[in-house]
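A.B. asks: File input.cif follows (mmCIF, C-alpha atoms):
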```cif
data_data
#
loop_
_atom_site.label_atom_id
_atom_site.label_comp_id
_atom_site.auth_asym_id
_atom_site.auth_seq_id
_atom_site.Cartn_x
_atom_site.Cartn_y
_atom_site.Cartn_z
CA MET U 1 -54.27 4.79 -14.97
CA LYS U 2 -57.01 2.22 -15.53
CA GLU U 3 -54.43 -0.54 -16.04
CA LEU U 4 -53.12 0.07 -12.51
CA ILE U 5 -56.60 -0.39 -11.01
CA GLU U 6 -58.75 -2.75 -13.09
CA GLY U 7 -59.05 -6.16 -11.41
CA LYS U 8 -56.59 -5.20 -8.66
CA SER U 9 -56.76 -4.69 -4.91
CA VAL U 10 -56.40 -0.97 -4.30
CA ALA U 11 -55.52 0.95 -1.13
CA VAL U 12 -56.51 4.63 -1.18
CA VAL U 13 -54.60 6.43 1.55
CA GLY U 14 -55.79 9.83 2.72
CA ASN U 15 -53.91 12.23 4.94
CA ALA U 16 -56.10 12.49 8.04
CA GLU U 17 -54.20 12.73 11.31
CA SER U 18 -56.51 9.98 12.63
CA LEU U 19 -54.51 7.50 10.52
CA PHE U 20 -51.87 7.63 13.27
CA GLY U 21 -54.11 6.69 16.17
CA GLY U 22 -54.82 3.12 17.10
CA ASP U 23 -54.06 0.31 14.65
CA GLN U 24 -50.94 0.34 12.55
CA HIS U 25 -52.01 -0.29 8.95
CA GLY U 26 -48.68 0.00 7.13
CA GLU U 27 -48.30 -3.68 6.22
CA LYS U 28 -51.95 -3.97 5.22
CA ILE U 29 -51.68 -0.91 2.98
CA ASP U 30 -48.50 -2.13 1.28
CA SER U 31 -50.02 -5.58 0.65
CA HIS U 32 -52.42 -4.14 -1.95
CA ASP U 33 -51.63 -4.45 -5.65
CA THR U 34 -51.94 -0.68 -6.07
CA VAL U 35 -51.49 2.04 -3.43
CA CYS U 36 -52.76 5.57 -4.10
CA ARG U 37 -51.67 8.60 -2.05
CA PHE U 38 -52.51 12.31 -2.14
CA ASN U 39 -50.44 15.48 -2.28
CA ILE U 40 -47.61 15.71 0.27
CA GLY U 41 -48.78 12.33 1.63
CA ALA U 42 -47.14 10.85 -1.49
CA ASP U 43 -43.68 12.03 -0.42
CA GLU U 44 -41.86 8.82 0.51
CA SER U 45 -39.48 10.75 2.79
CA LYS U 46 -42.41 11.71 5.04
CA LEU U 47 -44.12 8.31 5.31
CA ASN U 48 -44.41 6.45 8.61
CA GLU U 49 -43.97 2.78 7.70
CA LYS U 50 -45.95 1.43 10.67
CA TYR U 51 -49.06 3.54 10.07
CA GLN U 52 -48.95 4.43 6.38
CA GLY U 53 -46.74 1.84 4.72
CA LEU U 54 -44.13 2.87 2.17
CA LYS U 55 -45.54 1.78 -1.19
CA THR U 56 -46.91 4.41 -3.59
CA ASP U 57 -48.00 3.36 -7.07
CA ILE U 58 -50.21 6.34 -7.87
CA ALA U 59 -49.51 9.84 -6.53
CA LEU U 60 -52.50 12.16 -6.90
CA PHE U 61 -52.00 15.92 -6.79
CA ASN U 62 -54.47 18.78 -6.79
CA VAL U 63 -51.81 21.45 -7.37
CA TYR U 64 -49.42 19.49 -9.54
CA ASN U 65 -46.46 21.86 -10.04
CA TYR U 66 -46.32 22.99 -6.42
CA LEU U 67 -46.78 19.60 -4.78
CA ALA U 68 -45.20 17.18 -7.24
CA ASP U 69 -42.03 19.24 -7.11
CA ARG U 70 -41.92 18.82 -3.30
CA CYS U 71 -42.59 15.08 -3.35
CA ARG U 72 -39.84 12.73 -4.40
CA THR U 73 -41.68 9.90 -6.06
CA ASP U 74 -41.22 7.49 -8.93
CA SER U 75 -44.95 6.85 -8.91
CA TYR U 76 -47.51 7.32 -11.65
CA ILE U 77 -48.40 11.02 -11.31
CA VAL U 78 -52.03 12.17 -11.60
CA HIS U 79 -53.35 15.75 -11.69
CA VAL U 80 -56.76 15.40 -10.04
CA SER U 81 -58.36 18.82 -9.89
CA ASN U 82 -60.15 20.68 -12.67
CA LYS U 83 -58.40 23.86 -11.55
CA ASP U 84 -54.89 25.04 -12.39
CA ARG U 85 -54.59 22.79 -15.45
CA HIS U 86 -53.10 25.67 -17.40
CA LEU U 87 -50.20 25.70 -14.89
CA ALA U 88 -49.58 21.97 -14.68
CA GLY U 89 -46.54 20.78 -16.52
CA ARG U 90 -44.84 24.14 -17.03
CA GLU U 91 -41.88 23.32 -14.79
CA LEU U 92 -41.98 19.56 -14.37
CA GLY U 93 -43.47 18.39 -17.62
CA PRO U 94 -47.01 17.06 -17.78
CA PRO U 95 -48.33 14.51 -15.29
CA ASP U 96 -48.75 10.90 -16.42
CA PHE U 97 -52.53 11.26 -16.30
CA TRP U 98 -55.12 14.03 -16.11
CA MET U 99 -58.21 13.05 -14.12
CA PRO U 100 -60.99 13.47 -16.71
CA ILE U 101 -62.90 16.71 -16.18
CA GLU U 102 -66.14 14.95 -17.14
CA SER U 103 -65.58 12.37 -14.37
CA ASN U 104 -64.97 15.15 -11.83
CA ASN U 105 -68.07 17.03 -12.99
CA GLU U 106 -70.10 13.81 -12.81
CA ILE U 107 -69.20 13.16 -9.15
CA ALA U 108 -69.95 16.78 -8.26
CA LYS U 109 -73.45 16.33 -9.66
CA LEU U 110 -73.98 12.86 -8.13
CA CYS U 111 -72.85 14.01 -4.68
CA ASP U 112 -74.58 17.40 -5.02
CA VAL U 113 -71.46 19.39 -4.18
CA GLU U 114 -70.13 22.49 -5.90
CA ARG U 115 -66.50 21.43 -5.70
CA PRO U 116 -65.60 17.83 -4.83
CA SER U 117 -62.40 17.11 -2.92
CA SER U 118 -59.48 15.35 -4.58
CA GLY U 119 -60.29 12.30 -2.47
CA LEU U 120 -63.88 12.08 -3.74
CA MET U 121 -62.82 12.66 -7.35
CA ALA U 122 -60.21 9.91 -7.06
CA LEU U 123 -62.59 7.43 -5.40
CA HIS U 124 -65.15 8.06 -8.14
CA TYR U 125 -62.66 7.50 -10.94
CA ILE U 126 -61.24 4.40 -9.22
CA SER U 127 -64.78 2.97 -8.93
CA LYS U 128 -65.21 3.37 -12.70
CA CYS U 129 -62.00 1.39 -13.34
CA LYS U 130 -63.48 -1.83 -11.91
CA PRO U 131 -61.01 -2.73 -9.15
CA LYS U 132 -61.20 -6.16 -7.50
CA ASN U 133 -61.50 -4.42 -4.12
CA VAL U 134 -60.77 -1.08 -2.50
CA ALA U 135 -59.70 -0.26 1.05
CA ILE U 136 -59.88 3.37 2.15
CA PHE U 137 -57.42 4.48 4.85
CA GLY U 138 -56.80 7.90 6.39
CA PHE U 139 -60.14 9.42 5.39
CA ASP U 140 -62.16 10.96 8.21
CA PHE U 141 -63.78 13.82 6.28
CA LYS U 142 -61.92 16.49 8.25
CA ALA U 143 -62.78 15.13 11.71
CA THR U 144 -59.03 15.58 12.27
CA LYS U 145 -56.57 17.84 10.49
CA THR U 146 -54.35 16.82 7.61
CA TYR U 147 -51.35 15.22 9.31
CA TYR U 148 -48.68 17.26 7.54
CA HIS U 149 -50.22 20.67 8.33
CA ASP U 150 -48.42 22.19 11.28
CA ASP U 151 -49.55 24.87 13.71
CA ARG U 152 -47.77 27.69 11.88
CA HIS U 153 -51.12 29.47 11.56
CA GLY U 154 -51.76 29.36 15.32
CA PRO U 155 -53.51 26.88 17.60
CA GLY U 156 -56.91 25.74 16.45
CA PHE U 157 -56.46 27.15 12.92
CA ILE U 158 -58.87 25.55 10.49
CA ARG U 159 -58.18 26.19 6.84
CA ARG U 160 -61.29 27.26 4.93
CA ARG U 161 -62.28 24.57 2.49
CA PRO U 162 -64.54 24.84 -0.50
CA HIS U 163 -65.70 21.24 0.03
CA ASP U 164 -68.79 19.84 1.75
CA TYR U 165 -67.28 16.97 3.73
CA ASP U 166 -70.62 16.00 5.32
CA LYS U 167 -72.16 15.39 1.89
CA GLU U 168 -69.02 13.63 0.70
CA LYS U 169 -69.01 11.32 3.71
CA ARG U 170 -72.69 10.45 3.19
CA TYR U 171 -72.02 9.72 -0.48
CA VAL U 172 -69.02 7.50 0.27
CA LEU U 173 -71.00 5.59 2.93
CA ASP U 174 -74.19 5.31 0.85
CA VAL U 175 -72.65 4.51 -2.52
CA PHE U 176 -69.07 3.23 -2.47
CA LEU U 177 -69.21 1.40 0.85
CA LYS U 178 -72.49 -0.35 0.00
CA ASN U 179 -70.34 -2.37 -2.40
CA GLU U 180 -69.10 -5.48 -0.58
CA ASN U 181 -65.70 -5.12 -2.27
CA TRP U 182 -65.07 -1.70 -0.67
CA ALA U 183 -63.98 -1.12 2.94
CA TRP U 184 -63.34 1.95 5.06
CA VAL U 185 -60.51 1.05 7.41
CA LYS U 186 -60.43 3.24 10.51
#
```
How does the structure come out when it is put into structure tokens?
C.D. replies:
Amino acid sequence: MKELIEGKSVAVVGNAESLFGGDQHGEKIDSHDTVCRFNIGADESKLNEKYQGLKTDIALFNVYNYLADRCRTDSYIVHVSNKDRHLAGRELGPPDFWMPIESNNEIAKLCDVERPSSGLMALHYISKCKPKNVAIFGFDFKATKTYYHDDRHGPGFIRRRPHDYDKEKRYVLDVFLKNENWAWVK
């Protein structure tokens, strides 16, 4: 995975619903050397070209078998999470890359969180790969829902999360975005 990031401009595209309000970033996202997307957000059939762009070079999954099977992609496939590794690859074959457990454990300690989100784990690993620059899109630390979650659970449903998005946001702002080569595009 390092060869797709080192010395390159990288767009990391999250799945916050806020990505669809205001500016249309599709062209800007696709202009990066490498575009990373998460979970169902990596399914090209669901992308909105104006807001999200269409390019996906790295597809990151936290539940590889379940999500990778639902996402048609020719991208480099990464299993991010430390959990469910015993299940990954049973049906689809192994992913192209396993996010290193030691890297995930390192960011949990640095950010002082019990269980970092896939987004934080990916940003941490990307930072270690020495990209030329990084632009973060579609991350609002759960200020809005994930765009592909519908209301099937009832209005106002908020899925319980084991992540501390306040701590993660502070870490991203205080560490990654202090680097002049990193930008949070809202």
A.B. asks: What lies within 9 Å of Asp164 in chain U using all atoms listed in the file, ignoring chain neighbours under 2 positions off, as a list in words?
C.D. replies: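 Residues near the query, excluding close chain neighbours: Val113, Glu114, Arg115, Pro116, Ser117, Arg161, Pro162, Asp166, Lys167, Glu168 and Lys169 of chain U.
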A.B. asks: Taking 2 positions as the minimum chain separation for residues in the same chain, which residues sit within 10 Å of Lys50 in chain U when counting only C-alpha atoms? Answer as a PyMOL selection string.
C.D. replies: chain U and resi 20+23-29+47-48+52-54
A.B. asks: Please list as a JSON list (two decimals) with C-alpha atoms, in the coordinates of the input every residue within 9 Å of Tyr147 in chain U, counting only C-alpha atoms and excluding residues in the same chain fewer than 3 positions away.
C.D. replies:
```json
[["chain", "number", "residue", "atom", "x", "y", "z"],
["U", 15, "ASN", "CA", -53.91, 12.23, 4.94],
["U", 16, "ALA", "CA", -56.10, 12.49, 8.04],
["U", 17, "GLU", "CA", -54.20, 12.73, 11.31],
["U", 18, "SER", "CA", -56.51, 9.98, 12.63],
["U", 19, "LEU", "CA", -54.51, 7.50, 10.52],
["U", 20, "PHE", "CA", -51.87, 7.63, 13.27],
["U", 41, "GLY", "CA", -48.78, 12.33, 1.63],
["U", 144, "THR", "CA", -59.03, 15.58, 12.27],
["U", 150, "ASP", "CA", -48.42, 22.19, 11.28]]
```
A.B. asks: To test your reading of the syntax: which residues would the PyMOL selection byres ((chain U and resi 101) around 12) return for the file shown? Reply as a ChimeraX atom specification.
C.D. replies: /U:79-83,85,97-100,102-108,116,121-122,125
A.B. asks: Would you mind telling me which residue in U:Val12, U:Val78, U:Val63, U:Ala42 lies nearest to Trp182 in chain U when using all atoms listed in the file?
C.D. replies: U:Val12
A.B. asks: Nearest residue to Cys129 in chain U out of U:His163, U:Lys186, U:Lys8, U:Lys2, using only C-alpha atoms?
C.D. replies: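 For Cys129 in chain U, the nearest of the candidates is U:Lys2.
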A.B. asks: Could you tell me which of U:Ser9, U:Ser45, U:Thr56, U:Asn62 comes closest to Lys130 in chain U if we count only C-alpha atoms?
C.D. replies: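 Using only C-alpha atoms, the shortest distance to Lys130 in chain U belongs to U:Ser9.
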A.B. asks: For the structure shown, which residues end up in the PyMOL selection byres ((chain U and resi 179) around 12)? Put them as number ranges by chain, please?
C.D. replies: U: 127, 130-135, 172-178, 180-184
A.B. asks: So what do you get for CA of Leu4 in chain U versus CA of Thr146 in chain U, distance-wise?
C.D. replies: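 For CA of Leu4 in chain U relative to CA of Thr146 in chain U, the distance reads 26.2 Å.
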A.B. asks: Considering all atoms listed in the file, can you say which of U:Gly21, U:Lys128, U:Tyr148, U:Asp74 comes closest to Asn39 in chain U?
C.D. replies: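 Among the listed residues, U:Tyr148 lies closest to Asn39 in chain U.
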A.B. asks: Build an axis-aligned box that encloses every atom of range 159-178 of chain U listed in the file, pad it by 8 Å on each side, and report its centre and edge lengths in Å to one decimal, as JSON.
C.D. replies:
```
{"center_x": -66.2, "center_y": 13.5, "center_z": 2.2, "size_x": 32.0, "size_y": 43.6, "size_z": 25.4}
```
A.B. asks: List every protein, DNA or RNA residue with an atom no more than 6 Å from (-55.8, 9.5, 4.5) in the file's coordinates, counting all atoms listed in the file, and format the result as a list in words.
C.D. replies: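 Those residues, ordered by chain and then number, are Val13, Gly14, Asn15, Ala16, Phe137, Gly138 and Phe139 of chain U.
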A.B. asks: Separation of CA of Ile136 in chain U and CA of Asp96 in chain U, in Å?
C.D. replies: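 Taking CA of Ile136 in chain U and CA of Asp96 in chain U, their separation equals 22.9 Å.
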